[in-house]
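The data block below is input-v7.cif; it holds mmCIF, C-alpha atoms and all ligand atoms.
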data_input
#
loop_
_atom_site.group_PDB
_atom_site.id
_atom_site.type_symbol
_atom_site.label_atom_id
_atom_site.label_comp_id
_atom_site.auth_asym_id
_atom_site.auth_seq_id
_atom_site.Cartn_x
_atom_site.Cartn_y
_atom_site.Cartn_z
ATOM 1 C CA MET A 1 130.579 -7.527 198.093
ATOM 2 C CA SER A 2 129.826 -11.189 197.514
ATOM 3 C CA ASP A 3 126.887 -12.196 195.400
ATOM 4 C CA ALA A 4 123.999 -14.504 196.246
ATOM 5 C CA SER A 5 125.860 -17.541 194.940
ATOM 6 C CA SER A 6 128.351 -17.402 197.798
ATOM 7 C CA ILE A 7 126.111 -16.791 200.754
ATOM 8 C CA ARG A 8 127.354 -18.722 203.771
ATOM 9 C CA THR A 9 125.660 -19.242 207.080
ATOM 10 C CA PRO A 10 126.960 -20.563 210.358
ATOM 11 C CA GLY A 11 125.038 -23.739 209.565
ATOM 12 C CA GLY A 12 126.481 -24.168 206.069
ATOM 13 C CA ASN A 13 125.882 -22.929 202.551
ATOM 14 C CA ILE A 14 122.615 -21.599 201.264
ATOM 15 C CA ASP A 15 121.401 -23.187 198.072
ATOM 16 C CA PRO A 16 121.929 -20.313 195.584
ATOM 17 C CA THR A 17 118.906 -21.217 193.485
ATOM 18 C CA THR A 18 116.463 -21.070 196.357
ATOM 19 C CA LEU A 19 118.357 -19.218 199.092
ATOM 20 C CA ARG A 20 117.071 -21.905 201.440
ATOM 21 C CA PRO A 21 119.348 -23.393 204.016
ATOM 22 C CA SER A 22 120.932 -26.340 202.229
ATOM 23 C CA THR A 23 121.854 -28.231 205.360
ATOM 24 C CA THR A 24 119.646 -29.254 208.212
ATOM 25 C CA GLY A 25 121.157 -29.501 211.654
ATOM 26 C CA SER A 26 120.901 -32.875 213.323
ATOM 27 C CA ASN A 27 118.047 -31.566 215.449
ATOM 28 C CA GLY A 28 116.454 -29.631 212.559
ATOM 29 C CA HIS A 29 116.677 -26.382 214.561
ATOM 30 C CA GLU A 30 117.877 -24.077 211.879
ATOM 31 C CA GLU A 31 117.714 -20.332 212.301
ATOM 32 C CA VAL A 32 115.664 -18.617 209.646
ATOM 33 C CA LEU A 33 115.233 -15.234 211.281
ATOM 34 C CA ARG A 34 116.888 -13.319 214.101
ATOM 35 C CA LEU A 35 116.236 -9.799 215.304
ATOM 36 C CA ASP A 36 118.936 -8.129 217.378
ATOM 37 C CA LYS A 37 117.787 -4.940 219.150
ATOM 38 C CA ILE A 38 115.701 -3.729 216.208
ATOM 39 C CA THR A 39 114.383 -0.179 216.454
ATOM 40 C CA LYS A 40 112.313 1.796 213.978
ATOM 41 C CA SER A 41 111.667 5.516 214.022
ATOM 42 C CA TYR A 42 109.556 7.527 211.629
ATOM 43 C CA ASN A 43 110.062 11.157 210.615
ATOM 44 C CA ILE A 44 113.671 11.177 211.770
ATOM 45 C CA GLY A 45 115.006 14.669 212.414
ATOM 46 C CA LYS A 46 111.563 16.256 212.303
ATOM 47 C CA PRO A 47 109.485 17.519 215.227
ATOM 48 C CA THR A 48 107.169 14.564 214.616
ATOM 49 C CA GLU A 49 109.971 11.968 215.027
ATOM 50 C CA VAL A 50 108.654 8.915 216.815
ATOM 51 C CA GLU A 51 110.189 5.549 217.698
ATOM 52 C CA VAL A 52 107.621 2.802 217.134
ATOM 53 C CA LEU A 53 109.781 -0.315 217.676
ATOM 54 C CA HIS A 54 112.006 -0.290 220.759
ATOM 55 C CA GLY A 55 114.879 -2.756 220.552
ATOM 56 C CA LEU A 56 113.198 -6.017 219.576
ATOM 57 C CA ASN A 57 114.868 -9.409 219.891
ATOM 58 C CA MET A 58 113.320 -12.462 218.284
ATOM 59 C CA ARG A 59 114.347 -15.714 216.686
ATOM 60 C CA LEU A 60 112.505 -18.061 214.368
ATOM 61 C CA GLU A 61 113.661 -21.478 213.260
ATOM 62 C CA ARG A 62 112.567 -23.680 210.430
ATOM 63 C CA HIS A 63 109.328 -25.426 211.326
ATOM 64 C CA ASP A 64 108.303 -22.603 213.689
ATOM 65 C CA PHE A 65 104.635 -21.700 213.404
ATOM 66 C CA ALA A 66 104.147 -18.396 215.188
ATOM 67 C CA ALA A 67 101.489 -15.746 215.617
ATOM 68 C CA LEU A 68 102.331 -12.073 216.123
ATOM 69 C CA ILE A 69 99.544 -10.400 218.055
ATOM 70 C CA GLY A 70 99.022 -7.022 219.700
ATOM 71 C CA PRO A 71 96.753 -3.990 219.686
ATOM 72 C CA SER A 72 96.279 -1.880 216.599
ATOM 73 C CA GLY A 73 99.181 0.547 216.250
ATOM 74 C CA SER A 74 101.576 -1.591 218.290
ATOM 75 C CA GLY A 75 103.958 -1.953 215.341
ATOM 76 C CA LYS A 76 103.083 -5.370 213.900
ATOM 77 C CA SER A 77 103.001 -4.284 210.262
ATOM 78 C CA THR A 78 106.119 -2.157 210.695
ATOM 79 C CA LEU A 79 107.945 -5.177 212.080
ATOM 80 C CA LEU A 80 106.694 -7.559 209.389
ATOM 81 C CA ASN A 81 107.717 -5.122 206.643
ATOM 82 C CA ILE A 82 111.208 -4.897 208.145
ATOM 83 C CA ILE A 83 111.500 -8.687 208.363
ATOM 84 C CA GLY A 84 110.278 -8.982 204.773
ATOM 85 C CA LEU A 85 112.886 -6.431 203.579
ATOM 86 C CA LEU A 86 110.148 -4.067 202.454
ATOM 87 C CA ASP A 87 111.457 -1.525 204.980
ATOM 88 C CA THR A 88 114.699 -1.031 206.914
ATOM 89 C CA PRO A 89 115.239 -0.760 210.672
ATOM 90 C CA THR A 90 116.619 2.458 212.153
ATOM 91 C CA SER A 91 119.086 0.503 214.288
ATOM 92 C CA GLY A 92 119.819 -3.068 215.249
ATOM 93 C CA GLU A 93 120.401 -6.019 212.959
ATOM 94 C CA LEU A 94 118.071 -8.321 211.079
ATOM 95 C CA TYR A 95 119.555 -11.707 210.207
ATOM 96 C CA LEU A 96 117.914 -13.843 207.539
ATOM 97 C CA MET A 97 119.241 -17.373 207.136
ATOM 98 C CA GLY A 98 122.085 -16.295 209.414
ATOM 99 C CA GLN A 99 123.075 -13.416 207.143
ATOM 100 C CA PRO A 100 123.155 -9.848 208.478
ATOM 101 C CA THR A 101 120.902 -7.897 206.119
ATOM 102 C CA SER A 102 122.301 -4.420 206.882
ATOM 103 C CA VAL A 103 125.378 -5.091 204.759
ATOM 104 C CA MET A 104 123.440 -6.394 201.775
ATOM 105 C CA ASP A 105 123.176 -4.339 198.618
ATOM 106 C CA ASP A 106 119.906 -3.859 196.767
ATOM 107 C CA ALA A 107 120.524 -6.839 194.488
ATOM 108 C CA GLN A 108 121.053 -9.180 197.430
ATOM 109 C CA ARG A 109 118.013 -7.841 199.259
ATOM 110 C CA THR A 110 115.914 -8.321 196.143
ATOM 111 C CA ALA A 111 117.295 -11.833 195.678
ATOM 112 C CA ILE A 112 116.410 -12.863 199.232
ATOM 113 C CA ARG A 113 113.005 -11.191 199.062
ATOM 114 C CA GLY A 114 112.260 -12.981 195.813
ATOM 115 C CA SER A 115 113.551 -16.399 196.796
ATOM 116 C CA ALA A 116 113.547 -16.945 200.535
ATOM 117 C CA ILE A 117 110.523 -14.946 201.694
ATOM 118 C CA GLY A 118 106.856 -15.327 200.880
ATOM 119 C CA PHE A 119 104.529 -12.469 201.836
ATOM 120 C CA VAL A 120 100.746 -12.581 202.168
ATOM 121 C CA PHE A 121 98.871 -9.342 202.841
ATOM 122 C CA GLN A 122 95.369 -8.678 204.155
ATOM 123 C CA PHE A 123 94.396 -7.399 200.756
ATOM 124 C CA HIS A 124 95.877 -9.930 198.410
ATOM 125 C CA HIS A 125 97.080 -7.509 195.708
ATOM 126 C CA LEU A 126 96.336 -9.916 192.890
ATOM 127 C CA ILE A 127 96.762 -8.512 189.408
ATOM 128 C CA GLN A 128 93.224 -8.298 188.094
ATOM 129 C CA ALA A 129 94.142 -8.612 184.416
ATOM 130 C CA PHE A 130 95.941 -11.917 185.063
ATOM 131 C CA THR A 131 94.437 -15.353 185.652
ATOM 132 C CA ALA A 132 94.840 -17.158 188.966
ATOM 133 C CA LEU A 133 97.663 -19.245 187.491
ATOM 134 C CA GLU A 134 99.457 -16.216 186.027
ATOM 135 C CA ASN A 135 99.286 -14.512 189.430
ATOM 136 C CA VAL A 136 100.790 -17.588 191.092
ATOM 137 C CA LEU A 137 103.597 -17.704 188.516
ATOM 138 C CA MET A 138 104.401 -13.993 188.961
ATOM 139 C CA PRO A 139 107.321 -14.326 191.434
ATOM 140 C CA VAL A 140 109.090 -16.733 189.112
ATOM 141 C CA MET A 141 108.358 -14.644 186.021
ATOM 142 C CA VAL A 142 109.816 -11.580 187.730
ATOM 143 C CA ALA A 143 112.984 -13.504 188.591
ATOM 144 C CA ARG A 144 113.434 -15.677 185.527
ATOM 145 C CA GLY A 145 111.100 -14.524 182.721
ATOM 146 C CA LYS A 146 108.713 -16.780 180.835
ATOM 147 C CA PRO A 147 107.855 -19.815 182.974
ATOM 148 C CA ASP A 148 108.877 -23.233 181.641
ATOM 149 C CA ARG A 149 106.582 -26.255 181.691
ATOM 150 C CA GLU A 150 107.832 -27.501 185.052
ATOM 151 C CA THR A 151 107.171 -24.102 186.620
ATOM 152 C CA ARG A 152 103.642 -23.984 185.192
ATOM 153 C CA GLU A 153 102.999 -27.483 186.500
ATOM 154 C CA ARG A 154 104.203 -26.464 189.959
ATOM 155 C CA GLY A 155 101.853 -23.488 189.828
ATOM 156 C CA MET A 156 98.960 -25.764 188.876
ATOM 157 C CA ALA A 157 99.870 -28.193 191.664
ATOM 158 C CA LEU A 158 99.959 -25.369 194.218
ATOM 159 C CA LEU A 159 96.555 -24.135 193.079
ATOM 160 C CA ALA A 160 95.206 -27.670 193.514
ATOM 161 C CA GLN A 161 96.758 -27.818 196.990
ATOM 162 C CA VAL A 162 94.970 -24.642 198.037
ATOM 163 C CA GLY A 163 91.713 -26.135 196.785
ATOM 164 C CA LEU A 164 91.454 -24.230 193.518
ATOM 165 C CA ASP A 165 91.509 -27.117 191.085
ATOM 166 C CA GLY A 166 89.590 -25.981 188.041
ATOM 167 C CA HIS A 167 89.979 -22.264 188.801
ATOM 168 C CA ALA A 168 93.452 -21.744 187.341
ATOM 169 C CA HIS A 169 92.305 -19.855 184.286
ATOM 170 C CA LYS A 170 89.775 -17.605 186.027
ATOM 171 C CA GLN A 171 90.339 -13.909 186.676
ATOM 172 C CA PRO A 172 90.451 -12.806 190.340
ATOM 173 C CA SER A 173 87.079 -11.043 189.862
ATOM 174 C CA GLU A 174 85.503 -14.462 189.198
ATOM 175 C CA LEU A 175 86.684 -15.791 192.582
ATOM 176 C CA SER A 176 85.385 -15.267 196.130
ATOM 177 C CA GLY A 177 87.441 -13.351 198.713
ATOM 178 C CA GLY A 178 88.606 -16.581 200.321
ATOM 179 C CA GLN A 179 89.538 -18.045 196.947
ATOM 180 C CA GLN A 180 91.505 -14.923 196.030
ATOM 181 C CA GLN A 181 93.396 -15.134 199.312
ATOM 182 C CA ARG A 182 94.201 -18.775 198.480
ATOM 183 C CA VAL A 183 95.657 -17.639 195.167
ATOM 184 C CA ALA A 184 97.814 -15.131 197.057
ATOM 185 C CA ILE A 185 99.029 -17.898 199.378
ATOM 186 C CA ALA A 186 99.883 -20.150 196.437
ATOM 187 C CA ARG A 187 101.788 -17.203 194.924
ATOM 188 C CA ALA A 188 103.730 -16.653 198.164
ATOM 189 C CA LEU A 189 104.712 -20.337 198.196
ATOM 190 C CA MET A 190 105.722 -20.543 194.549
ATOM 191 C CA THR A 191 109.407 -19.972 195.321
ATOM 192 C CA ARG A 192 109.327 -22.471 198.242
ATOM 193 C CA PRO A 193 110.346 -19.772 200.720
ATOM 194 C CA ALA A 194 112.170 -20.561 203.961
ATOM 195 C CA LEU A 195 110.051 -17.917 205.694
ATOM 196 C CA LEU A 196 106.393 -17.153 205.117
ATOM 197 C CA LEU A 197 105.112 -13.826 206.452
ATOM 198 C CA ALA A 198 101.425 -12.948 206.566
ATOM 199 C CA ASP A 199 99.978 -9.609 207.735
ATOM 200 C CA GLU A 200 96.380 -10.159 208.860
ATOM 201 C CA PRO A 201 95.811 -12.579 205.985
ATOM 202 C CA THR A 202 92.310 -13.387 207.182
ATOM 203 C CA GLY A 203 91.358 -9.852 208.223
ATOM 204 C CA ASN A 204 88.559 -9.539 205.678
ATOM 205 C CA LEU A 205 87.378 -13.155 205.654
ATOM 206 C CA ASP A 206 84.622 -14.888 207.623
ATOM 207 C CA SER A 207 85.785 -17.132 210.476
ATOM 208 C CA LYS A 208 85.224 -20.449 208.678
ATOM 209 C CA THR A 209 87.194 -19.310 205.637
ATOM 210 C CA ALA A 210 89.849 -17.871 207.957
ATOM 211 C CA GLY A 211 90.215 -21.218 209.728
ATOM 212 C CA GLY A 212 90.735 -22.908 206.371
ATOM 213 C CA ILE A 213 93.464 -20.426 205.474
ATOM 214 C CA PHE A 214 95.250 -21.136 208.772
ATOM 215 C CA ASP A 215 94.999 -24.871 208.066
ATOM 216 C CA LEU A 216 96.746 -24.220 204.757
ATOM 217 C CA PHE A 217 99.584 -22.318 206.430
ATOM 218 C CA ARG A 218 99.942 -25.187 208.862
ATOM 219 C CA GLN A 219 100.010 -27.717 206.039
ATOM 220 C CA PHE A 220 102.770 -25.856 204.164
ATOM 221 C CA ASN A 221 104.717 -25.318 207.385
ATOM 222 C CA ALA A 222 104.770 -29.085 207.880
ATOM 223 C CA GLU A 223 105.299 -29.985 204.242
ATOM 224 C CA PHE A 224 107.978 -27.468 203.215
ATOM 225 C CA GLY A 225 109.442 -26.849 206.651
ATOM 226 C CA CYS A 226 109.054 -23.131 206.109
ATOM 227 C CA ALA A 227 108.883 -20.940 209.184
ATOM 228 C CA VAL A 228 105.549 -19.117 209.382
ATOM 229 C CA LEU A 229 104.882 -15.801 211.117
ATOM 230 C CA ILE A 230 101.280 -14.592 210.978
ATOM 231 C CA VAL A 231 99.892 -11.307 212.281
ATOM 232 C CA THR A 232 96.362 -11.806 213.508
ATOM 233 C CA HIS A 233 93.805 -10.118 215.727
ATOM 234 C CA ASP A 234 91.827 -13.294 216.225
ATOM 235 C CA PRO A 235 92.690 -15.227 219.422
ATOM 236 C CA ARG A 236 90.914 -18.330 218.096
ATOM 237 C CA LEU A 237 93.454 -18.374 215.256
ATOM 238 C CA SER A 238 96.550 -17.392 217.257
ATOM 239 C CA ASP A 239 95.663 -20.118 219.779
ATOM 240 C CA THR A 240 96.260 -22.692 217.036
ATOM 241 C CA CYS A 241 99.877 -21.512 216.623
ATOM 242 C CA ASP A 242 102.829 -23.107 218.431
ATOM 243 C CA ARG A 243 104.213 -19.730 219.488
ATOM 244 C CA VAL A 244 102.376 -16.496 220.226
ATOM 245 C CA ILE A 245 104.508 -13.353 220.251
ATOM 246 C CA ASN A 246 102.778 -10.407 221.878
ATOM 247 C CA LEU A 247 103.775 -6.909 220.750
ATOM 248 C CA VAL A 248 102.543 -3.934 222.781
ATOM 249 C CA ASP A 249 103.667 -0.351 222.115
ATOM 250 C CA GLY A 250 106.615 -1.527 220.052
ATOM 251 C CA GLN A 251 107.894 -3.980 222.656
ATOM 252 C CA ILE A 252 107.582 -7.740 222.902
ATOM 253 C CA VAL A 253 105.870 -8.147 226.257
ATOM 254 C CA SER A 254 105.378 -11.875 226.374
ATOM 255 C CA GLU A 255 105.621 -15.067 224.465
ATOM 256 C CA ASP A 256 103.502 -18.088 225.240
HETATM 257 P P1 LIG B 301 99.972 -2.311 213.609
HETATM 258 O O1 LIG B 301 100.243 -3.047 212.344
HETATM 259 O O2 LIG B 301 100.322 -3.072 214.848
HETATM 260 O O3 LIG B 301 98.562 -1.805 213.676
HETATM 261 P P2 LIG B 301 101.785 -0.290 212.526
HETATM 262 O O4 LIG B 301 103.080 -1.002 212.372
HETATM 263 O O5 LIG B 301 100.956 -0.119 211.301
HETATM 264 O O6 LIG B 301 100.927 -1.029 213.666
HETATM 265 O O7 LIG B 301 102.036 1.126 213.170
HETATM 266 C C1 LIG B 301 102.814 1.298 214.358
HETATM 267 C C2 LIG B 301 102.897 2.775 214.679
HETATM 268 O O8 LIG B 301 103.704 3.404 213.685
HETATM 269 C C3 LIG B 301 101.572 3.494 214.686
HETATM 270 O O9 LIG B 301 101.578 4.427 215.720
HETATM 271 C C4 LIG B 301 101.535 4.162 213.347
HETATM 272 O O10 LIG B 301 100.757 5.334 213.401
HETATM 273 C C5 LIG B 301 103.005 4.485 213.119
HETATM 274 N N1 LIG B 301 103.354 4.528 211.681
HETATM 275 C C6 LIG B 301 103.242 3.513 210.794
HETATM 276 N N2 LIG B 301 103.689 3.879 209.577
HETATM 277 C C7 LIG B 301 104.090 5.167 209.701
HETATM 278 C C8 LIG B 301 104.666 6.132 208.794
HETATM 279 N N3 LIG B 301 104.913 5.824 207.515
HETATM 280 N N4 LIG B 301 104.961 7.352 209.279
HETATM 281 C C9 LIG B 301 104.735 7.666 210.580
HETATM 282 N N5 LIG B 301 104.204 6.828 211.469
HETATM 283 C C10 LIG B 301 103.890 5.587 211.056
HETATM 284 MG MG MG B 302 98.995 -3.643 210.746
#
Just dump the structure as structure tokens.
Amino acid sequence: MSDASSIRTPGGNIDPTTLRPSTTGSNGHEEVLRLDKITKSYNIGKPTEVEVLHGLNMRLERHDFAALIGPSGSGKSTLLNIIGLLDTPTSGELYLMGQPTSVMDDAQRTAIRGSAIGFVFQFHHLIQAFTALENVLMPVMVARGKPDRETRERGMALLAQVGLDGHAHKQPSELSGGQQQRVAIARALMTRPALLLADEPTGNLDSKTAGGIFDLFRQFNAEFGCAVLIVTHDPRLSDTCDRVINLVDGQIVSED
């Protein structure tokens, strides 16, 4: 099996240090994500076996800014976890950067998860014993060990971009909920991912703070050209997205 340094896509090579597409098509429409008839079943082989995703097809390109909406229990988190390589589909194929993920070994999956995908959760999962800056630097420390000066400076710059200038050396407990979520967003962007996934990132924030978080996603989408897929319950927020993908009972029923 080839390693991450030789990943090829139909559109060209992927930069091995970032796993980002290294070439941009003339029209900039580069595929970041494709789902081909994805299904997911739980409790396979048991009396409680249940299929919760029923053959989903979807495609995201660089610069896409999309909301994933749908009733509670419709499969949004299951789908996001599959896209983020935190879970595997039961059948069908998930392509990331044009690469079929089913044939990847654990090392390749970990490499893509660590380099090409940023994930923001409803509950930010910051490490309480670390400062804001140390939390932001985490993805790089996991991949490459002690951060060098350039990495630390990038972490500081990201914290400034999310409006946390002057908070870098505070513990999460010293920050508000909205500020903590901003730290989590800076952390997700630290590796300059090609795809940013967020599962109800504003679910426990007030609407003004939530709007600010969406503005940030939009800003990074424009600045880094990363595709963004956000699960949200809030129509006022999904209405600000360019695409709205509607999932009902494990099926995509419409896209506006
Ligand atoms: P959403 O995020 O849209 O609320 P989920 O993806 O969390 O939906 O859940 C989709 C369906 O899958 C639900 O019916 C849920 O009960 C079921 N489900 C989720 N995780 C599991 C699991 N680990 N085992 C069995 N069923 C699960
Ligand atoms: Mg969910």
Evaluate the PyMOL selection byres (((not hetatm)) within 7 of (chain B and resi 301)) and report residues as a PDB file with C-alpha atoms, in the coordinates of the input:
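So part.pdb came out as:
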ATOM      1  CA  TYR A  42     109.556   7.527 211.629  1.00  0.00           C
ATOM      2  CA  ASN A  43     110.062  11.157 210.615  1.00  0.00           C
ATOM      3  CA  VAL A  52     107.621   2.802 217.134  1.00  0.00           C
ATOM      4  CA  GLY A  70      99.022  -7.022 219.700  1.00  0.00           C
ATOM      5  CA  PRO A  71      96.753  -3.990 219.686  1.00  0.00           C
ATOM      6  CA  SER A  72      96.279  -1.880 216.599  1.00  0.00           C
ATOM      7  CA  GLY A  73      99.181   0.547 216.250  1.00  0.00           C
ATOM      8  CA  SER A  74     101.576  -1.591 218.290  1.00  0.00           C
ATOM      9  CA  GLY A  75     103.958  -1.953 215.341  1.00  0.00           C
ATOM     10  CA  LYS A  76     103.083  -5.370 213.900  1.00  0.00           C
ATOM     11  CA  SER A  77     103.001  -4.284 210.262  1.00  0.00           C
ATOM     12  CA  THR A  78     106.119  -2.157 210.695  1.00  0.00           C
ATOM     13  CA  LEU A  79     107.945  -5.177 212.080  1.00  0.00           C
TER      14      LEU A  79
END
Between CA of Glu134 in chain A and CA of Leu195 in chain A, what distance in Å does the model show, to one decimal? 22.4 Å
Excluding Ile230 in chain A and its own-chain neighbours fewer than 6 positions away, which residues fall within 7 Å of it when counting all atoms listed in the file? Please give them as a PDB file with C-alpha atoms, in the coordinates of the input.
ATOM      1  CA  ALA A  66     104.147 -18.396 215.188  1.00  0.00           C
ATOM      2  CA  ALA A  67     101.489 -15.746 215.617  1.00  0.00           C
ATOM      3  CA  LEU A  68     102.331 -12.073 216.123  1.00  0.00           C
ATOM      4  CA  LEU A 197     105.112 -13.826 206.452  1.00  0.00           C
ATOM      5  CA  ALA A 198     101.425 -12.948 206.566  1.00  0.00           C
ATOM      6  CA  ASP A 199      99.978  -9.609 207.735  1.00  0.00           C
ATOM      7  CA  GLU A 200      96.380 -10.159 208.860  1.00  0.00           C
TER       8      GLU A 200
END
Contacts of range 177-181 of chain A at 10 Å or less, counting all atoms listed in the file, minus same-chain residues fewer than 4 places along, as a VMD selection string? chain A and resid 120 to 126 132 162 to 164 167 171 to 173 185 to 187 201 to 202 204 to 206 208 to 210 212 to 213
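Minimum atom-to-atom distances from A:Met97, A:Met58, A:Leu247, A:Met156 to ligand MG 302 (chain B) were compared using only C-alpha atoms and all ligand atoms, and the lowest value belongs to A:Leu247.
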Which residues fall under the PyMOL selection byres (((chain A and resi 140) around 12) and not hetatm) in this file, as JSON, numbers by chain? {"A": [17, 18, 111, 114, 115, 133, 134, 135, 136, 137, 138, 139, 141, 142, 143, 144, 145, 146, 147, 148, 150, 151, 152, 154, 155, 187, 188, 189, 190, 191, 192]}
Export C-alpha atoms of the chosen residues as a PDB file, in the coordinates of the input?
ATOM      1  CA  THR A  17     118.906 -21.217 193.485  1.00  0.00           C
ATOM      2  CA  THR A  18     116.463 -21.070 196.357  1.00  0.00           C
ATOM      3  CA  ALA A 111     117.295 -11.833 195.678  1.00  0.00           C
ATOM      4  CA  GLY A 114     112.260 -12.981 195.813  1.00  0.00           C
ATOM      5  CA  SER A 115     113.551 -16.399 196.796  1.00  0.00           C
ATOM      6  CA  LEU A 133      97.663 -19.245 187.491  1.00  0.00           C
ATOM      7  CA  GLU A 134      99.457 -16.216 186.027  1.00  0.00           C
ATOM      8  CA  ASN A 135      99.286 -14.512 189.430  1.00  0.00           C
ATOM      9  CA  VAL A 136     100.790 -17.588 191.092  1.00  0.00           C
ATOM     10  CA  LEU A 137     103.597 -17.704 188.516  1.00  0.00           C
ATOM     11  CA  MET A 138     104.401 -13.993 188.961  1.00  0.00           C
ATOM     12  CA  PRO A 139     107.321 -14.326 191.434  1.00  0.00           C
ATOM     13  CA  MET A 141     108.358 -14.644 186.021  1.00  0.00           C
ATOM     14  CA  VAL A 142     109.816 -11.580 187.730  1.00  0.00           C
ATOM     15  CA  ALA A 143     112.984 -13.504 188.591  1.00  0.00           C
ATOM     16  CA  ARG A 144     113.434 -15.677 185.527  1.00  0.00           C
ATOM     17  CA  GLY A 145     111.100 -14.524 182.721  1.00  0.00           C
ATOM     18  CA  LYS A 146     108.713 -16.780 180.835  1.00  0.00           C
ATOM     19  CA  PRO A 147     107.855 -19.815 182.974  1.00  0.00           C
ATOM     20  CA  ASP A 148     108.877 -23.233 181.641  1.00  0.00           C
ATOM     21  CA  GLU A 150     107.832 -27.501 185.052  1.00  0.00           C
ATOM     22  CA  THR A 151     107.171 -24.102 186.620  1.00  0.00           C
ATOM     23  CA  ARG A 152     103.642 -23.984 185.192  1.00  0.00           C
ATOM     24  CA  ARG A 154     104.203 -26.464 189.959  1.00  0.00           C
ATOM     25  CA  GLY A 155     101.853 -23.488 189.828  1.00  0.00           C
ATOM     26  CA  ARG A 187     101.788 -17.203 194.924  1.00  0.00           C
ATOM     27  CA  ALA A 188     103.730 -16.653 198.164  1.00  0.00           C
ATOM     28  CA  LEU A 189     104.712 -20.337 198.196  1.00  0.00           C
ATOM     29  CA  MET A 190     105.722 -20.543 194.549  1.00  0.00           C
ATOM     30  CA  THR A 191     109.407 -19.972 195.321  1.00  0.00           C
ATOM     31  CA  ARG A 192     109.327 -22.471 198.242  1.00  0.00           C
TER      32      ARG A 192
END
Return as lines of an AutoDock Vina configuration file the centre and edge lengths, in Å with one decimal, of the box along x, y and z that encloses every atom of range 163-171 of chain A in the file, padded by 6 Å per side.
center_x = 91.5
center_y = -20.5
center_z = 190.5
size_x = 15.9
size_y = 25.2
size_z = 24.5
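Picture a line from CA of Gly45 in chain A to CA of Ser102 in chain A; it runs 21.2 Å.
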Residue among A:Gln108, A:Ser207, A:Thr39, A:Asn221 lying closest to Pro193 in chain A, counting all atoms listed in the file: A:Asn221
Report the distance between CA of Gly84 in chain A and CA of Ile117 in chain A in Å, rounded to one decimal place. 6.7 Å
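Using the PyMOL selection byres (((chain A and resi 65) around 7) and not hetatm) on this structure selects His63, Asp64, Ala66, Ala227, Val228, Leu229, Cys241, Asp242 and Arg243 of chain A.
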Which residue out of A:Glu174, A:Glu51, A:Asn81, A:Asp165 has the minimum interatomic distance to ligand MG 302 (chain B) when all atoms listed in the file are used?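 Using all atoms listed in the file, the shortest distance to ligand MG 302 (chain B) belongs to A:Asn81.
Using all atoms listed in the file, the smallest distance between any of A:Thr90, A:Gln219, A:Thr232, A:Ser176 and ligand MG 302 (chain B) comes from A:Thr232.
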